[in-house]
$ cat work_7.cif   # mmCIF, C-alpha atoms and all ligand atoms
data_coords
loop_
_atom_site.label_atom_id
_atom_site.label_comp_id
_atom_site.auth_asym_id
_atom_site.auth_seq_id
_atom_site.Cartn_x
_atom_site.Cartn_y
_atom_site.Cartn_z
CA MET N 178 0.00 0.00 0.00
CA ARG N 179 1.18 3.52 -0.74
CA ARG N 180 0.29 6.69 1.13
CA GLN N 181 1.03 10.29 0.29
CA CYS N 182 1.70 12.90 2.92
CA LYS N 183 2.85 16.48 3.01
CA CYS N 184 5.67 17.15 5.44
CA ILE N 185 4.78 19.84 7.99
CA MET N 186 8.22 20.13 9.60
CA CYS N 187 9.34 23.22 7.65
CA PRO N 188 7.96 25.75 5.12
CA VAL N 189 9.21 23.78 2.07
CA GLY N 190 6.29 21.36 2.40
CA CYS N 191 7.72 18.33 0.59
CA GLU N 192 5.39 15.67 -0.72
CA ILE N 193 6.48 12.28 0.62
CA GLU N 194 5.28 8.84 -0.40
CA ILE N 195 5.31 5.98 2.11
CA VAL N 196 5.21 2.34 1.05
CA LEU N 197 3.67 0.02 3.65
CA ASP N 198 3.57 -3.77 3.75
CA ASP N 199 0.38 -5.73 4.43
CA SER N 200 0.94 -5.36 8.20
CA GLY N 201 1.26 -1.59 7.98
CA ASN N 202 5.04 -1.51 8.45
CA VAL N 203 6.98 1.14 6.54
CA VAL N 204 9.17 -0.50 3.91
CA GLU N 205 10.17 2.56 1.90
CA VAL N 206 9.98 6.35 2.10
CA ILE N 207 10.18 8.20 -1.21
CA GLY N 208 10.72 11.94 -1.52
CA GLY N 209 11.37 14.59 1.06
CA LEU N 210 14.52 16.68 1.03
CA CYS N 211 15.81 15.68 4.44
CA GLU N 212 15.90 13.02 7.12
CA ARG N 213 13.71 15.09 9.44
CA GLY N 214 10.85 14.93 6.96
CA ARG N 215 11.36 11.25 6.19
CA ASN N 216 11.24 10.52 9.93
CA PHE N 217 8.02 12.56 10.19
CA ALA N 218 6.55 10.49 7.37
CA LYS N 219 7.56 7.20 9.05
CA GLU N 220 6.19 8.27 12.44
CA THR N 221 2.85 9.36 11.03
CA ALA N 222 2.47 6.61 8.40
CA GLY N 223 0.02 4.59 10.45
CA GLN N 224 -1.86 7.57 11.85
CA ASN N 225 -4.97 9.21 10.61
CA MET N 226 -4.41 12.76 9.40
CA GLN N 227 -7.15 15.34 9.42
CA ILE N 228 -7.67 18.97 8.61
CA VAL N 229 -8.27 20.80 11.91
CA THR N 230 -11.13 23.28 11.99
CA THR N 231 -12.05 25.53 14.89
CA THR N 232 -12.77 29.16 15.68
CA ILE N 233 -10.61 31.92 17.13
CA LYS N 234 -11.83 34.80 19.25
CA LEU N 235 -11.90 38.26 17.76
CA ALA N 236 -10.29 41.02 19.81
CA LYS N 237 -13.55 42.98 19.42
CA PRO N 238 -16.94 41.88 18.08
CA VAL N 239 -17.94 42.77 14.53
CA GLY N 240 -21.68 43.22 14.92
CA GLU N 241 -22.86 39.93 16.41
CA VAL N 242 -19.73 38.05 15.26
CA ARG N 243 -17.26 37.25 18.04
CA VAL N 244 -15.12 34.54 16.41
CA VAL N 245 -13.52 33.78 13.05
CA PRO N 246 -13.57 30.22 11.65
CA VAL N 247 -10.16 28.76 10.75
CA LYS N 248 -8.63 25.55 9.40
CA THR N 249 -5.20 24.04 8.88
CA LEU N 250 -3.99 24.11 5.28
CA THR N 251 -2.67 20.56 5.53
CA PRO N 252 -3.87 17.50 7.43
CA VAL N 253 -2.41 17.11 10.92
CA PRO N 254 -1.75 13.79 12.69
CA VAL N 255 -4.76 13.02 14.87
CA SER N 256 -2.38 12.60 17.83
CA GLN N 257 -1.40 16.29 17.49
CA MET N 258 -4.88 17.74 16.95
CA LYS N 259 -5.50 18.43 20.65
CA GLU N 260 -2.24 20.40 20.89
CA VAL N 261 -3.15 22.42 17.81
CA VAL N 262 -6.68 23.22 18.99
CA SER N 263 -5.47 24.07 22.51
CA TYR N 264 -2.95 26.51 21.07
CA LEU N 265 -5.50 28.09 18.73
CA LYS N 266 -7.88 28.62 21.66
CA THR N 267 -5.25 30.88 23.27
CA LEU N 268 -5.16 33.24 20.27
CA VAL N 269 -7.10 36.46 19.78
CA VAL N 270 -7.33 37.99 16.31
CA GLN N 271 -7.76 41.66 15.52
CA PRO N 272 -10.45 42.28 12.89
CA PRO N 273 -10.73 42.82 9.99
CA VAL N 274 -9.82 39.31 8.87
CA LYS N 275 -9.92 38.22 5.22
CA VAL N 276 -10.57 34.67 4.10
CA GLY N 277 -7.15 33.04 3.56
CA ASP N 278 -5.32 35.26 6.06
CA VAL N 279 -2.65 33.26 7.91
CA ILE N 280 -3.59 33.19 11.59
CA ALA N 281 -0.77 30.92 12.86
CA ASP N 282 2.10 29.09 11.21
CA ASN N 283 4.45 27.46 13.69
CA ILE N 284 2.45 25.46 16.20
CA GLY N 285 4.57 23.20 18.38
CA GLY N 286 7.62 23.89 16.23
CA LYS N 287 5.94 22.42 13.15
CA TYR N 288 4.99 24.24 10.00
CA ILE N 289 1.25 23.90 10.49
CA ILE N 290 -0.40 26.80 8.69
CA VAL N 291 -3.79 27.95 9.96
CA VAL N 292 -5.90 30.26 7.79
CA ALA N 293 -9.20 32.06 8.16
CA THR N 294 -12.06 30.40 6.27
CA ARG N 295 -14.35 33.42 6.34
CA SER N 296 -13.89 37.17 6.11
CA VAL N 297 -14.98 39.19 9.13
CA GLY N 298 -15.22 42.97 9.24
CA THR N 299 -13.92 43.55 5.71
CA SER N 300 -16.98 45.17 4.15
S1 LIG N 401 11.33 16.85 4.11
FE1 LIG N 401 12.77 18.29 5.07
S2 LIG N 401 12.87 19.99 3.62
FE2 LIG N 401 11.04 18.81 3.08
S3 LIG N 401 9.35 19.82 4.19
FE3 LIG N 401 10.11 18.16 5.48
S4 LIG N 401 11.61 19.12 6.83
FE4 LIG N 401 11.28 20.52 5.11
#
$ encode --input "work_7.cif" --output "structure tokens" --more "lines below"
Ligand code: SF4
Amino acid sequence: MRRQCKCIMCPVGCEIEIVLDDSGNVVEVIGGLCERGRNFAKETAGQNMQIVTTTIKLAKPVGEVRVVPVKTLTPVPVSQMKEVVSYLKTLVVQPPVKVGDVIADNIGGKYIIVVATRSVGTS
């Protein structure tokens, strides 16, 4: 079985392919510019990866709106989702916010990019 993943250990964002045997063991890692990324791929090969979505508080309400919805640009290992969400809950964003604005980009020392999924206070 082959799986694709995008390395989140630095801004380069290499695509890495992992070849697994029938038992789910990693037999080959293809791609990635460095050992750090290949190790990331091996460690997360058997894990589910998901886009994280949540909301972040606005520093001041915009009408009735008090939060802005956000998501990670790349899937995050499920084992790290709690850390990501906990960190995002500590943030406060100053409006206006445009859809696609980068809200956070270095959570837990990893290059996990979080962007706004809706504009707030831009019109
Ligand atoms: S494989 Fe290395 S260079 Fe590529 S994204 Fe990962 S850490 Fe960066």
$ residues_around --input "work_7.cif" --residues "Val276 (chain N)" --least-positions-apart "3" --cutoff "8 Å" --atoms "all atoms listed in the file" --output "PDB file with C-alpha atoms, in the coordinates of the input"
ATOM      1  CA  VAL N 292      -5.900  30.260   7.790  1.00  0.00           C
ATOM      2  CA  ALA N 293      -9.200  32.060   8.160  1.00  0.00           C
ATOM      3  CA  THR N 294     -12.060  30.400   6.270  1.00  0.00           C
ATOM      4  CA  ARG N 295     -14.350  33.420   6.340  1.00  0.00           C
ATOM      5  CA  SER N 296     -13.890  37.170   6.110  1.00  0.00           C
TER       6      SER N 296
END
$ residues_around --input "work_7.cif" --residues "region 195-203 of chain N" --least-positions-apart "4" --cutoff "10 Å" --atoms "all atoms listed in the file" --output "PyMOL selection string"
chain N and resi 178-182+207-208+215+218-223
$ write_last_selection --input "work_7.cif" --atoms "C-alpha atoms" --output "PDB file, in the coordinates of the input"
ATOM      1  CA  MET N 178       0.000   0.000   0.000  1.00  0.00           C
ATOM      2  CA  ARG N 179       1.180   3.520  -0.740  1.00  0.00           C
ATOM      3  CA  ARG N 180       0.290   6.690   1.130  1.00  0.00           C
ATOM      4  CA  GLN N 181       1.030  10.290   0.290  1.00  0.00           C
ATOM      5  CA  CYS N 182       1.700  12.900   2.920  1.00  0.00           C
ATOM      6  CA  ILE N 207      10.180   8.200  -1.210  1.00  0.00           C
ATOM      7  CA  GLY N 208      10.720  11.940  -1.520  1.00  0.00           C
ATOM      8  CA  ARG N 215      11.360  11.250   6.190  1.00  0.00           C
ATOM      9  CA  ALA N 218       6.550  10.490   7.370  1.00  0.00           C
ATOM     10  CA  LYS N 219       7.560   7.200   9.050  1.00  0.00           C
ATOM     11  CA  GLU N 220       6.190   8.270  12.440  1.00  0.00           C
ATOM     12  CA  THR N 221       2.850   9.360  11.030  1.00  0.00           C
ATOM     13  CA  ALA N 222       2.470   6.610   8.400  1.00  0.00           C
ATOM     14  CA  GLY N 223       0.020   4.590  10.450  1.00  0.00           C
TER      15      GLY N 223
END
$ atom_distance --input "work_7.cif" --atom1 "atom FE4 of ligand LIG 401 (chain N)" --atom2 "CA of Leu250 (chain N)"
15.7 Å
$ closest_residue --input "work_7.cif" --among "N:Arg213, N:Lys275, N:Lys183, N:Lys259" --to "Val247 (chain N)" --atoms "all atoms listed in the file"
N:Lys275
$ closest_atom_pairs --input "work_7.cif" --of "chain N" --to "ligand LIG 401 (chain N)" --cutoff "10 Å" --atoms "only C-alpha atoms and all ligand atoms" --output "Markdown table"
| residue | atom | partner | partner_atom | distance |
| --- | --- | --- | --- | --- |
| N:Lys183 | CA | N:LIG401 | S3 | 7.4 |
| N:Cys184 | CA | N:LIG401 | FE3 | 4.6 |
| N:Ile185 | CA | N:LIG401 | S3 | 5.9 |
| N:Met186 | CA | N:LIG401 | S4 | 4.5 |
| N:Cys187 | CA | N:LIG401 | FE4 | 4.2 |
| N:Pro188 | CA | N:LIG401 | S3 | 6.2 |
| N:Val189 | CA | N:LIG401 | S3 | 4.5 |
| N:Gly190 | CA | N:LIG401 | S3 | 3.9 |
| N:Cys191 | CA | N:LIG401 | FE2 | 4.2 |
| N:Glu192 | CA | N:LIG401 | FE2 | 7.5 |
| N:Ile193 | CA | N:LIG401 | S1 | 7.5 |
| N:Gly208 | CA | N:LIG401 | S1 | 7.5 |
| N:Gly209 | CA | N:LIG401 | S1 | 3.8 |
| N:Leu210 | CA | N:LIG401 | S1 | 4.4 |
| N:Cys211 | CA | N:LIG401 | FE1 | 4.1 |
| N:Glu212 | CA | N:LIG401 | FE1 | 6.5 |
| N:Arg213 | CA | N:LIG401 | S4 | 5.2 |
| N:Gly214 | CA | N:LIG401 | S1 | 3.5 |
| N:Arg215 | CA | N:LIG401 | S1 | 6.0 |
| N:Asn216 | CA | N:LIG401 | S1 | 8.6 |
| N:Phe217 | CA | N:LIG401 | FE3 | 7.6 |
| N:Ala218 | CA | N:LIG401 | S1 | 8.6 |
| N:Lys287 | CA | N:LIG401 | S4 | 9.1 |
| N:Tyr288 | CA | N:LIG401 | S3 | 8.5 |
$ residues_near_point --input "work_7.cif" --point "(-0.2, 14.3, 15.3)" --cutoff "8 Å" --atoms "only C-alpha atoms" --output "PyMOL selection string"
chain N and resi 221+224+226+253-258
$ atom_distance --input "work_7.cif" --atom1 "CA of Gly298 (chain N)" --atom2 "CA of Gln227 (chain N)"
28.8 Å
$ atom_distance --input "work_7.cif" --atom1 "CA of Val274 (chain N)" --atom2 "CA of Val297 (chain N)"
5.2 Å
